[in-house]
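Colleague: What follows is a single structure, and I will ask about it in a moment.
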Amino acid sequence: MYRFLLSRQWVILTLVALLLIPTMIRLGIWQMHRYEERTARNQLVADALSADPVPVEKLTSPGHTVTTGERYHTVSAKGRFDTDDEVVVRRRTNSDDEVGYHVLTPFVLDDGKVLLVNRGWIPADGPSQTAFPSIPAPPKGEITVTGRLMPAETTAASGIKDLKGLPDRQIMLINSEQEARRLGAEVLGGYIVLTTPEPKGDTPELLGKPGNENAALNYAYAIQWWLFSAAVPLGWVILVRRERRDLAEAAAESAAREAQESPDGEPAAV
């Protein structure tokens, strides 16, 4: 009745089904792990953004590597902006995906250490990509700034190549170690994305808060893979029953034709 399952075609089909089931289960488990990881990261970011501001030197220091747990924490610092050593970071986009620069201004603390401050985005509307763009000046004198703490950028983490031979006062990566060498000063590890004071005239354009990773999509993918894994044996059973039915119908039709024919191949007399 089910001898057709021993045919080459059905053996291959059965083996493929047996391979697909554990593969899809594993893919579902992997997607669920991705969901849990993204959910945990989203919670970590939310906790950091909602935490009370702390003095920047409580979380970072010269040579310090900003950790995942410290990232996005709001910090404050008191000092003054040093626009003489200000640089721009090339190939950065705003919320509308327009290409421009990020403005990186050293902020000299009361103890002489330097905090790198990303003051926001400006358009690349200068006469050329080699000319230093016109940048609105920050507040003068001693002030207090607040911002979200960020780790130093690297090519490995960001995918941005650190190009050499750039025009004067232009960089590719915000890297506190490189800036410490350029400035010849003690630079706190990482940098901050400025939140206050807000610029006059909305320029530079302050950078928005980080968005949540789409963890729900991974959850949906996990359920989808597990449904697929359940559908494989169900589909196999349906195909087997259909094949058995087709073979039975073909055998019945063949038997009916033989019954209507004489032994010599002529139709039987009525």
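Please note that chains go A, B, ... in the order of the structure tokens, that every chain numbers its residues from 1, and that ligands are numbered from 1 in the order shown.
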Check which residues of region 51-121 of chain A sit at most 9 Å from region 170-188 of chain A using only C-alpha atoms, and return one row each with the closest pair of atoms and their distance in Å to one decimal, ordered by chain and rising number, as a Markdown table.

Modeller:
| residue | atom | partner | partner_atom | distance |
| --- | --- | --- | --- | --- |
| A:Val56 | CA | A:Leu188 | CA | 8.8 |
| A:Glu57 | CA | A:Leu188 | CA | 7.9 |
| A:Thr60 | CA | A:Leu188 | CA | 6.1 |
| A:Ser61 | CA | A:Leu188 | CA | 4.6 |
| A:Pro62 | CA | A:Leu188 | CA | 4.1 |
| A:Gly63 | CA | A:Leu188 | CA | 6.6 |
| A:His64 | CA | A:Leu188 | CA | 7.0 |
| A:Asp85 | CA | A:Leu183 | CA | 7.5 |
| A:Val87 | CA | A:Gln170 | CA | 5.6 |
| A:Val88 | CA | A:Gln170 | CA | 5.0 |
| A:Val89 | CA | A:Ile171 | CA | 4.9 |
| A:Arg90 | CA | A:Met172 | CA | 5.4 |
| A:Arg91 | CA | A:Met172 | CA | 7.6 |
| A:Leu104 | CA | A:Ile174 | CA | 7.9 |
| A:Pro106 | CA | A:Val187 | CA | 8.9 |
| A:Gly112 | CA | A:Glu186 | CA | 7.9 |
| A:Lys113 | CA | A:Glu186 | CA | 5.2 |
| A:Val114 | CA | A:Val187 | CA | 4.6 |
| A:Leu115 | CA | A:Leu188 | CA | 5.5 |
| A:Leu116 | CA | A:Ser176 | CA | 7.4 |
| A:Asn118 | CA | A:Ile174 | CA | 8.7 |

Colleague: Based on the selection just made, write all heavy atoms of those residues as a short mmCIF file (atom, residue, chain, number, x, y, z; two decimals), in the first residue's frame.

Modeller:
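Below is the file that was written, result.cif:
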data_model
loop_
_atom_site.label_atom_id
_atom_site.label_comp_id
_atom_site.auth_asym_id
_atom_site.auth_seq_id
_atom_site.Cartn_x
_atom_site.Cartn_y
_atom_site.Cartn_z
N VAL A 56 30.40 64.04 34.21
CA VAL A 56 31.00 63.18 33.20
C VAL A 56 32.18 62.38 33.73
O VAL A 56 32.39 61.23 33.36
CB VAL A 56 31.42 64.01 31.97
CG1 VAL A 56 32.54 64.99 32.31
CG2 VAL A 56 31.83 63.11 30.82
N GLU A 57 32.94 62.96 34.66
CA GLU A 57 34.13 62.27 35.15
C GLU A 57 33.80 61.15 36.12
O GLU A 57 34.70 60.44 36.57
CB GLU A 57 35.09 63.28 35.80
CG GLU A 57 35.74 64.18 34.76
CD GLU A 57 36.83 65.07 35.33
OE1 GLU A 57 36.49 66.15 35.84
OE2 GLU A 57 38.01 64.66 35.26
N THR A 60 33.69 58.44 32.94
CA THR A 60 34.82 58.28 32.01
C THR A 60 36.01 59.10 32.49
O THR A 60 35.89 60.00 33.32
CB THR A 60 34.42 58.69 30.59
OG1 THR A 60 35.50 58.40 29.69
CG2 THR A 60 34.07 60.18 30.50
N SER A 61 37.14 58.76 31.93
CA SER A 61 38.41 59.40 32.27
C SER A 61 39.35 59.25 31.09
O SER A 61 39.06 58.49 30.14
CB SER A 61 39.00 58.75 33.54
OG SER A 61 39.20 57.37 33.31
N PRO A 62 40.51 59.92 31.09
CA PRO A 62 41.45 59.76 29.99
C PRO A 62 41.85 58.30 29.81
O PRO A 62 42.22 57.62 30.76
CB PRO A 62 42.64 60.62 30.42
CG PRO A 62 42.04 61.68 31.28
CD PRO A 62 40.94 61.00 32.03
N GLY A 63 41.72 57.80 28.58
CA GLY A 63 42.08 56.42 28.28
C GLY A 63 40.97 55.42 28.57
O GLY A 63 41.12 54.23 28.26
N HIS A 64 39.85 55.87 29.12
CA HIS A 64 38.75 54.96 29.46
C HIS A 64 37.98 54.56 28.21
O HIS A 64 37.76 55.37 27.31
CB HIS A 64 37.80 55.64 30.46
CG HIS A 64 36.58 54.83 30.78
ND1 HIS A 64 36.63 53.71 31.58
CD2 HIS A 64 35.28 54.97 30.39
CE1 HIS A 64 35.42 53.20 31.69
NE2 HIS A 64 34.57 53.94 30.98
N ASP A 85 40.33 74.69 18.19
CA ASP A 85 40.70 73.31 17.85
C ASP A 85 39.48 72.50 17.38
O ASP A 85 39.51 71.27 17.39
CB ASP A 85 41.36 72.62 19.05
CG ASP A 85 42.74 73.18 19.33
OD1 ASP A 85 43.52 73.32 18.37
OD2 ASP A 85 43.04 73.48 20.50
N VAL A 87 36.86 70.68 14.96
CA VAL A 87 36.98 69.95 13.70
C VAL A 87 35.58 69.51 13.25
O VAL A 87 34.62 69.60 14.03
CB VAL A 87 37.90 68.71 13.82
CG1 VAL A 87 39.33 69.11 14.12
CG2 VAL A 87 37.36 67.75 14.89
N VAL A 88 35.50 69.06 12.00
CA VAL A 88 34.23 68.52 11.51
C VAL A 88 34.46 67.06 11.10
O VAL A 88 35.54 66.68 10.66
CB VAL A 88 33.67 69.32 10.32
CG1 VAL A 88 33.25 70.70 10.77
CG2 VAL A 88 34.68 69.41 9.17
N VAL A 89 33.42 66.27 11.28
CA VAL A 89 33.46 64.83 10.96
C VAL A 89 32.73 64.64 9.64
O VAL A 89 31.55 64.97 9.52
CB VAL A 89 32.80 63.99 12.07
CG1 VAL A 89 33.09 62.51 11.84
CG2 VAL A 89 33.29 64.43 13.44
N ARG A 90 33.42 64.14 8.66
CA ARG A 90 32.89 64.04 7.30
C ARG A 90 31.86 62.92 7.15
O ARG A 90 31.80 61.99 7.92
CB ARG A 90 34.04 63.78 6.31
CG ARG A 90 35.01 64.95 6.16
CD ARG A 90 36.26 64.52 5.42
NE ARG A 90 35.98 64.06 4.06
CZ ARG A 90 36.06 64.83 2.98
NH1 ARG A 90 36.38 66.11 3.10
NH2 ARG A 90 35.83 64.33 1.79
N ARG A 91 31.03 63.08 6.09
CA ARG A 91 30.09 62.05 5.63
C ARG A 91 29.10 61.61 6.70
O ARG A 91 28.86 60.42 6.91
CB ARG A 91 30.85 60.84 5.08
CG ARG A 91 31.74 61.16 3.90
CD ARG A 91 32.45 59.93 3.40
NE ARG A 91 33.41 60.23 2.34
CZ ARG A 91 34.24 59.34 1.79
NH1 ARG A 91 34.23 58.09 2.22
NH2 ARG A 91 35.07 59.70 0.83
N LEU A 104 32.60 68.71 15.91
CA LEU A 104 33.24 68.20 17.12
C LEU A 104 34.08 69.31 17.74
O LEU A 104 35.08 69.74 17.16
CB LEU A 104 34.11 66.99 16.78
CG LEU A 104 34.70 66.25 17.99
CD1 LEU A 104 33.59 65.56 18.78
CD2 LEU A 104 35.73 65.22 17.54
N PRO A 106 36.19 70.62 21.18
CA PRO A 106 36.75 70.31 22.49
C PRO A 106 36.12 71.20 23.57
O PRO A 106 35.88 72.38 23.34
CB PRO A 106 38.24 70.60 22.34
CG PRO A 106 38.49 70.58 20.86
CD PRO A 106 37.24 71.07 20.23
N GLY A 112 41.18 71.14 33.57
CA GLY A 112 42.12 71.12 32.45
C GLY A 112 41.95 69.97 31.49
O GLY A 112 42.50 70.00 30.38
N LYS A 113 41.20 68.95 31.89
CA LYS A 113 40.96 67.84 30.96
C LYS A 113 40.00 68.29 29.87
O LYS A 113 39.30 69.29 29.99
CB LYS A 113 40.40 66.62 31.71
CG LYS A 113 41.34 66.03 32.76
CD LYS A 113 40.73 64.77 33.35
CE LYS A 113 41.64 64.16 34.41
NZ LYS A 113 41.68 64.98 35.64
N VAL A 114 39.96 67.51 28.78
CA VAL A 114 39.15 67.88 27.62
C VAL A 114 38.07 66.83 27.39
O VAL A 114 38.35 65.62 27.41
CB VAL A 114 40.02 68.02 26.35
CG1 VAL A 114 39.15 68.25 25.12
CG2 VAL A 114 41.02 69.16 26.52
N LEU A 115 36.87 67.31 27.18
CA LEU A 115 35.73 66.45 26.81
C LEU A 115 35.36 66.77 25.37
O LEU A 115 35.18 67.94 25.01
CB LEU A 115 34.54 66.73 27.73
CG LEU A 115 33.20 66.11 27.33
CD1 LEU A 115 33.26 64.59 27.43
CD2 LEU A 115 32.07 66.66 28.20
N LEU A 116 35.27 65.74 24.54
CA LEU A 116 34.87 65.94 23.14
C LEU A 116 33.35 66.06 23.07
O LEU A 116 32.64 65.19 23.59
CB LEU A 116 35.35 64.78 22.27
CG LEU A 116 36.87 64.55 22.24
CD1 LEU A 116 37.18 63.32 21.38
CD2 LEU A 116 37.60 65.78 21.69
N ASN A 118 30.12 66.49 20.53
CA ASN A 118 29.52 66.50 19.19
C ASN A 118 28.34 67.47 19.26
O ASN A 118 27.29 67.16 19.82
CB ASN A 118 29.05 65.09 18.81
CG ASN A 118 28.52 65.02 17.39
OD1 ASN A 118 28.12 66.02 16.81
ND2 ASN A 118 28.51 63.82 16.83
#

Colleague: To test your reading of the structure, identify every residue in region 19-224 of chain A that backbone DSSP assigns to alpha helix (DSSP H), and report it as a PyMOL selection string.

Modeller: chain A and resi 19-50+155-158+176-183+215-224

Colleague: Extract, using only C-alpha atoms, all DNA, RNA and protein residues at most 12 Å from Gln43 (chain A), discarding same-chain residues fewer than 3 positions from it, and format them as a PyMOL selection string.

Modeller: chain A and resi 36-40+46-50+68-69+72+211-213+215

Colleague: What is the CA of Leu5 (chain A) to CA of Arg245 (chain A) distance in Å?

Modeller: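 The value is 13.5 Å.
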
Colleague: Would you list the contacts of Asp125 (chain A) as a list in words, taking every protein, DNA or RNA residue within 12 Å and counting only C-alpha atoms, but skipping same-chain residues closer than 3 positions in sequence?

Modeller: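 Final neighbour list, sorted by chain and number: Glu98, Val99, Gly100, Tyr101, Ile122, Ser128, Gln129, Thr130, Ala131, Phe132, Pro133, Ser134 and Ile135 of chain A.
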
Colleague: Quick one: residues within 7 Å of Trp226 (chain A), only C-alpha atoms counted, chain neighbours fewer than 6 positions away excluded, as number ranges by chain?

Modeller: A: 24-25, 28

Colleague: Residues of region 34-214 of chain A in strand (DSSP E or B) according to DSSP, as an MDAnalysis selection string?

Modeller: chainID A and resid 54:55 62 74:81 87:93 99:109 114:123 143:150 170:171 187:188 191:196 205

Colleague: Find the residues near region 10-19 of chain A: any atom within 12 Å, counting only C-alpha atoms, skip ones fewer than 4 places away on the same chain, and give them as a list in words.

Modeller: Tyr2, Arg3, Phe4, Leu5, Leu6, Thr23, Met24, Ile25, Arg26, Phe228, Ser229, Ala230, Ala231, Val232, Pro233, Leu234, Gly235, Trp236, Val237, Leu239, Val240 and Glu243 of chain A
